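Enquirer: Got a file for you: final_22.cif, mmCIF, C-alpha atoms.
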data_start
loop_
_atom_site.label_atom_id
_atom_site.label_comp_id
_atom_site.auth_asym_id
_atom_site.auth_seq_id
_atom_site.Cartn_x
_atom_site.Cartn_y
_atom_site.Cartn_z
CA MET A 408 43.71 -20.10 40.15
CA ASN A 409 43.32 -16.69 41.79
CA ASP A 410 45.59 -14.17 40.15
CA GLU A 411 46.02 -11.91 43.16
CA PRO A 412 46.54 -12.46 46.86
CA GLU A 413 43.15 -11.47 48.23
CA GLY A 414 42.17 -10.90 51.83
CA GLY A 415 44.00 -12.14 54.83
CA LEU A 416 45.13 -15.47 56.15
CA ALA A 417 41.57 -16.78 56.52
CA GLU A 418 40.81 -16.13 52.84
CA ARG A 419 44.04 -17.78 51.76
CA ARG A 420 43.23 -20.75 53.97
CA LEU A 421 39.74 -20.86 52.47
CA ASP A 422 41.26 -20.93 49.00
CA GLU A 423 43.38 -23.91 50.05
CA HIS A 424 40.24 -25.69 51.24
CA LEU A 425 38.45 -24.88 47.98
CA GLU A 426 41.21 -26.75 46.18
CA LEU A 427 39.49 -29.88 47.49
CA LEU A 428 36.49 -29.04 45.32
CA ARG A 429 38.52 -27.88 42.33
CA ALA A 430 40.39 -31.18 42.39
CA ALA A 431 37.20 -33.25 42.20
CA PRO A 432 34.77 -31.51 39.86
CA PRO A 433 31.36 -33.08 39.28
CA SER A 434 30.95 -34.39 35.75
CA PRO A 435 27.84 -35.04 33.67
CA GLY A 436 26.81 -38.51 32.64
CA THR A 437 27.23 -39.59 29.05
CA ALA A 438 23.45 -39.45 28.55
CA LEU A 439 23.19 -35.67 28.85
CA VAL A 440 24.22 -34.73 25.31
CA PRO A 441 22.03 -37.26 23.41
CA ARG A 442 19.09 -36.46 25.68
CA VAL A 443 19.38 -32.71 25.10
CA VAL A 444 19.80 -33.12 21.35
CA ARG A 445 16.83 -35.51 21.15
CA LYS A 446 14.60 -33.10 23.07
CA ALA A 447 15.79 -30.10 21.08
CA ARG A 448 15.02 -31.92 17.84
CA TRP A 449 11.58 -32.97 19.06
CA GLN A 450 10.80 -29.49 20.39
CA SER A 451 11.86 -27.88 17.12
CA TYR A 452 9.37 -30.14 15.27
CA VAL A 453 6.42 -29.26 17.48
CA ARG A 454 7.34 -25.64 18.19
CA ALA A 455 6.22 -24.13 14.88
CA PRO A 456 2.79 -25.87 14.73
CA LEU A 457 2.20 -25.02 18.40
CA ARG A 458 3.05 -21.40 17.76
CA VAL A 459 0.61 -21.24 14.84
CA ALA A 460 -2.09 -22.95 16.92
CA GLY A 461 -1.42 -20.48 19.74
CA MET A 462 -1.74 -17.52 17.41
CA ILE A 463 -4.99 -18.87 15.98
CA GLY A 464 -6.34 -19.44 19.50
CA PHE A 465 -5.29 -15.96 20.56
CA ALA A 466 -6.94 -14.39 17.51
CA PHE A 467 -10.10 -16.40 18.16
CA VAL A 468 -10.31 -15.33 21.82
CA HIS A 469 -9.44 -11.76 20.89
CA GLY A 470 -12.20 -11.79 18.24
CA LEU A 471 -14.76 -13.12 20.72
CA ALA A 472 -13.75 -10.52 23.29
CA ALA A 473 -14.09 -7.76 20.71
CA LEU A 474 -17.48 -9.09 19.63
CA PHE A 475 -18.92 -9.31 23.15
CA GLY A 476 -17.08 -6.23 24.39
CA GLY A 477 -18.47 -4.26 21.44
CA GLY A 478 -22.03 -5.55 22.17
CA LYS A 479 -21.79 -4.35 25.78
CA SER A 480 -20.64 -0.89 24.84
CA ARG A 481 -23.73 -0.39 22.67
CA MET B 587 30.90 -21.03 12.92
CA LEU B 588 29.14 -23.67 14.99
CA VAL B 589 26.60 -21.28 16.53
CA LYS B 590 25.56 -19.97 13.14
CA ARG B 591 25.12 -23.48 11.81
CA ALA B 592 23.14 -24.54 14.88
CA ARG B 593 20.98 -21.44 14.56
CA ASN B 594 20.18 -22.48 10.99
CA GLY B 595 18.89 -25.82 12.22
CA ASP B 596 22.02 -27.95 11.92
CA MET B 597 21.54 -30.39 14.78
CA ARG B 598 25.04 -31.81 14.45
CA ALA B 599 26.45 -28.35 15.06
CA PHE B 600 24.21 -27.98 18.10
CA GLU B 601 25.30 -31.39 19.35
CA GLU B 602 28.92 -30.37 19.00
CA LEU B 603 28.25 -27.13 20.89
CA VAL B 604 26.57 -29.03 23.72
CA ASP B 605 29.36 -31.58 23.83
CA ARG B 606 31.97 -28.83 23.95
CA HIS B 607 30.36 -27.00 26.87
CA ARG B 608 28.56 -29.76 28.76
CA ALA B 609 31.27 -30.19 31.39
CA VAL B 610 31.36 -26.53 32.48
CA VAL B 611 27.57 -26.28 32.28
CA PHE B 612 27.18 -29.29 34.54
CA ARG B 613 29.91 -28.22 36.96
CA VAL B 614 28.38 -24.77 37.47
CA ALA B 615 24.86 -26.20 37.76
CA ALA B 616 25.96 -28.86 40.24
CA ARG B 617 27.88 -26.40 42.41
CA VAL B 618 25.00 -23.90 42.48
CA VAL B 619 21.92 -26.12 42.82
CA GLY B 620 23.55 -29.26 44.20
CA PRO B 621 24.13 -32.66 42.62
CA HIS B 622 20.52 -33.86 42.69
CA ASP B 623 19.14 -31.13 40.43
CA ALA B 624 22.25 -30.54 38.35
CA ASP B 625 21.19 -32.82 35.50
CA ASP B 626 17.75 -31.22 35.18
CA VAL B 627 19.12 -27.70 35.37
CA SER B 628 21.82 -28.48 32.78
CA GLN B 629 19.30 -29.99 30.40
CA ASP B 630 16.83 -27.17 30.89
CA ALA B 631 19.50 -24.51 30.35
CA LEU B 632 20.86 -26.20 27.21
CA LEU B 633 17.38 -26.47 25.72
CA ARG B 634 16.66 -22.82 26.52
CA ALA B 635 19.94 -21.92 24.86
CA TYR B 636 18.93 -23.90 21.77
CA HIS B 637 15.69 -21.96 21.43
CA ARG B 638 17.45 -18.64 22.03
CA LEU B 639 20.42 -19.14 19.73
CA HIS B 640 19.14 -16.35 17.51
CA SER B 641 19.67 -13.90 20.41
CA PHE B 642 23.41 -14.66 20.66
CA ARG B 643 25.04 -11.70 18.96
CA GLY B 644 28.63 -12.74 19.49
CA GLU B 645 29.43 -9.70 21.62
CA GLY B 646 30.98 -11.87 24.32
CA SER B 647 32.05 -15.49 24.30
CA PHE B 648 29.49 -18.20 23.62
CA ARG B 649 30.50 -19.79 26.93
CA ALA B 650 29.60 -16.63 28.86
CA TRP B 651 26.28 -16.35 27.01
CA LEU B 652 25.48 -20.00 27.74
CA LEU B 653 26.54 -19.77 31.38
CA ARG B 654 24.30 -16.76 31.81
CA ILE B 655 21.37 -19.00 30.91
CA VAL B 656 22.68 -21.71 33.26
CA HIS B 657 23.10 -19.14 36.04
CA ASN B 658 19.55 -17.83 35.62
CA THR B 659 18.06 -21.31 35.35
CA ALA B 660 19.91 -22.42 38.48
CA LEU B 661 18.83 -19.39 40.53
CA ASN B 662 15.21 -19.84 39.37
CA GLN B 663 15.38 -23.47 40.41
CA LEU B 664 16.64 -22.48 43.87
CA ALA B 665 13.94 -19.82 44.20
CA ARG B 666 11.26 -22.45 43.58
CA ARG B 667 12.57 -24.66 46.36
CA LEU B 668 11.26 -24.58 49.90
CA PRO B 669 13.53 -22.72 52.33
CA GLU B 670 16.42 -24.86 53.49
CA PRO B 671 18.36 -24.65 56.72
CA VAL B 672 21.27 -22.27 56.37
CA GLY B 673 24.85 -23.54 56.29
CA GLY B 674 26.52 -24.37 59.55
CA SER B 675 23.48 -26.10 60.97
CA ASP B 676 23.81 -29.57 62.35
CA ASP B 677 21.07 -30.76 59.99
CA ILE B 678 23.33 -30.13 57.05
CA GLU B 679 26.19 -31.73 58.88
CA ARG B 680 24.22 -34.89 59.49
CA SER B 681 23.01 -35.09 55.91
CA ALA B 682 26.53 -35.69 54.63
CA PRO B 683 26.72 -39.17 53.15
CA PRO B 684 28.97 -41.44 55.16
CA PRO B 685 32.25 -42.36 53.48
CA GLU B 686 32.21 -45.79 51.93
CA PRO B 687 34.28 -48.32 53.78
CA GLY B 688 36.82 -50.15 51.74
CA ARG B 689 40.45 -50.21 50.89
CA GLU B 690 40.70 -46.49 50.34
CA PRO B 691 43.73 -45.06 52.13
CA ALA B 692 42.88 -43.03 55.24
CA SER B 693 44.27 -39.78 53.84
CA ARG B 694 42.19 -40.02 50.68
CA LEU B 695 39.13 -40.93 52.68
CA GLU B 696 39.63 -37.92 54.92
CA ARG B 697 40.18 -35.65 51.93
CA ARG B 698 36.97 -36.85 50.34
CA GLU B 699 35.06 -36.41 53.55
CA ARG B 700 36.34 -32.85 53.90
CA ALA B 701 35.37 -32.12 50.31
CA GLU B 702 31.84 -33.42 50.97
CA ARG B 703 31.54 -31.28 54.10
CA LEU B 704 32.80 -28.23 52.25
CA GLU B 705 30.36 -28.87 49.41
CA LEU B 706 27.51 -28.91 51.91
CA LYS B 707 28.71 -25.69 53.51
CA LEU B 708 28.91 -24.07 50.09
CA GLY B 709 25.22 -24.91 49.76
CA GLY B 710 24.57 -22.76 52.82
CA LEU B 711 25.63 -19.58 51.03
CA ARG B 712 23.04 -17.25 49.56
CA PRO B 713 22.47 -18.36 45.94
CA GLU B 714 23.81 -15.19 44.30
CA HIS B 715 26.90 -15.32 46.52
CA ARG B 716 27.38 -19.00 45.84
CA ALA B 717 27.17 -18.47 42.09
CA VAL B 718 29.88 -15.80 42.06
CA LEU B 719 32.16 -17.83 44.32
CA VAL B 720 31.72 -20.90 42.11
CA LEU B 721 32.49 -18.95 38.94
CA ARG B 722 35.54 -17.22 40.39
CA ASP B 723 37.08 -19.52 42.97
CA LEU B 724 36.13 -22.90 41.52
CA GLU B 725 35.98 -22.19 37.79
CA GLY B 726 38.70 -19.53 37.80
CA MET B 727 36.82 -17.16 35.51
CA ALA B 728 37.79 -13.54 34.98
CA TYR B 729 35.75 -10.84 36.69
CA ASP B 730 34.50 -9.38 33.41
CA GLU B 731 33.24 -12.77 32.26
CA ILE B 732 31.45 -13.23 35.60
CA ALA B 733 29.94 -9.77 35.16
CA LEU B 734 28.54 -10.90 31.80
CA ILE B 735 27.24 -14.18 33.20
CA THR B 736 25.53 -12.61 36.20
CA ALA B 737 24.50 -9.45 34.34
CA SER B 738 26.06 -7.35 37.10
CA PRO B 739 28.51 -4.45 37.08
CA LEU B 740 32.13 -5.38 37.73
CA GLY B 741 32.13 -3.63 41.11
CA SER B 742 29.11 -5.62 42.24
CA VAL B 743 30.80 -8.87 41.24
CA LYS B 744 33.87 -8.03 43.30
CA GLY B 745 31.76 -6.93 46.26
CA ARG B 746 29.60 -10.03 46.08
CA LEU B 747 32.64 -12.29 45.87
CA HIS B 748 34.18 -10.64 48.92
CA ARG B 749 30.94 -11.08 50.88
CA ALA B 750 30.62 -14.68 49.67
CA ARG B 751 34.09 -15.56 50.94
CA ARG B 752 33.46 -13.89 54.31
CA GLU B 753 30.12 -15.67 54.56
CA LEU B 754 31.66 -19.05 53.81
CA ILE B 755 34.49 -18.42 56.29
CA GLU B 756 31.92 -17.62 58.98
CA ILE B 757 29.90 -20.74 58.16
CA LEU B 758 33.04 -22.88 58.42
CA ARG B 759 34.13 -21.20 61.65
CA ASN B 760 30.77 -22.06 63.22
CA ASN B 761 31.19 -25.67 62.22
CA THR B 762 32.10 -28.45 64.63
CA TYR B 763 34.84 -29.54 62.24
CA ASP B 764 37.95 -27.39 62.63
CA TRP B 765 38.78 -25.70 59.33
CA GLU B 766 41.64 -23.74 60.92
CA LEU B 767 40.42 -20.36 59.77
CA PRO B 768 42.10 -17.74 61.98
CA HIS B 769 40.34 -14.59 63.16
CA GLU B 770 42.22 -11.49 62.01
#
Could I get this structure in the form of structure tokens?
Expert:
Amino acid sequence: MNDEPEGGLAERRLDEHLELLRAAPPSPGTALVPRVVRKARWQSYVRAPLRVAGMIGFAFVHGLAALFGGGKSR
Amino acid sequence: MLVKRARNGDMRAFEELVDRHRAVVFRVAARVVGPHDADDVSQDALLRAYHRLHSFRGEGSFRAWLLRIVHNTALNQLARRLPEPVGGSDDIERSAPPPEPGREPASRLERRERAERLELKLGGLRPEHRAVLVLRDLEGMAYDEIALITASPLGSVKGRLHRARRELIEILRNNTYDWELPHE
């Protein structure tokens, strides 16, 4: 896997040990893909309305702050 | 192009992208954060990727772009955790699950036990060191791809990898199990 002999004997020995992990990689369950796709689909449905609601809320708070902030300055 | 289609809202294209990269995403997540959080980190990273598809400019590979998100998600997850005992401690040693008894040949059983011990020791590395070692020594990625994934200069990647290997060697040397790592 490594394309150059790196380090000394200890590093080469370490690389041999790491082969144990390379030989038995962890693998995801079959549920991962459908779960991610389902959540992505759901999030894409609610994302746009939430963004609009957020912008409205921000504008409202910003308006109130300007109103009261302006009153104080006078 | 799948990414373009997914970016335009084609869920089948996104599903195909996820399916194509799920194995490497999960492997990297599992090796960096450990098996218990790997599923959550993989899912979180894939969903983040979905919402950020518009930011993929195609300058590097999609895999590198995606793994950058996985890498960041995994490191954030580790940062949120409470401090853990560092590798080489007996606590980690004791937390290794016992091998299942059965008809498994002794050599295979021993190999599996060694792999489990090594996995635990890998968890004792500093997260940024662990990530680079996983990407290079376990996934066999090129240095320039690792530089993209970790958003680090090439020289830093090489330096970090060297320090990661030395750190792991030291952890293994201080272990009760003899890993036969000679002092030079």
Enquirer: What does the distance from CA of Gly709 in chain B to CA of Arg617 in chain B come to in Å, to one decimal?
Expert: 8.0 Å
Enquirer: What does the PyMOL selection byres ((chain B) within 8 of (chain A)) select in this file, as an NGL selection string?
Expert: :B and (597 or 600-601 or 604-605 or 608-609 or 612-613 or 616 or 621 or 625 or 629 or 632-633 or 636 or 697-698 or 700-701 or 704-705 or 722-726 or 751-752 or 755 or 766-770)
Enquirer: Just say which residues the PyMOL selection byres ((chain B and resi 641) around 12) picks in this file, as a PyMOL selection string.
Expert: chain B and resi 589-590+593+634-640+642-645+648+651-652+655
Enquirer: Box for range 693-708 of chain B - axis-aligned, 5 Å on each of the six sides, all listed atoms - centre and size in Å to one decimal, as lines of an AutoDock Vina configuration file.
Expert:
center_x = 35.9
center_y = -32.5
center_z = 52.2
size_x = 26.8
size_y = 26.9
size_z = 15.5
Enquirer: Report, in Å to a single decimal, how far apart CA of Lys707 in chain B and CA of Leu758 in chain B are.
Expert: 7.1 Å
Enquirer: Could you please determine the separation between CA of Val610 in chain B and CA of Leu747 in chain B in Å, to one decimal place?
Expert: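 Computed distance, CA of Val610 in chain B to CA of Leu747 in chain B, equals 19.6 Å.
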Enquirer: Enumerate, as number ranges by chain, the residues matched when the PyMOL selection byres ((chain B and resi 659-669) around 8) is run on the file above.
Expert: B: 615, 618-619, 627, 630-631, 655-658, 670-671, 713-714
Enquirer: From the options B:Ala592, B:Pro739, B:Lys744, B:Leu754, which residue's atoms come nearest to Arg712 in chain B, counting all atoms listed in the file?
Expert: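 Of B:Ala592, B:Pro739, B:Lys744, B:Leu754, the one nearest Arg712 in chain B is B:Leu754, counting all atoms listed in the file.
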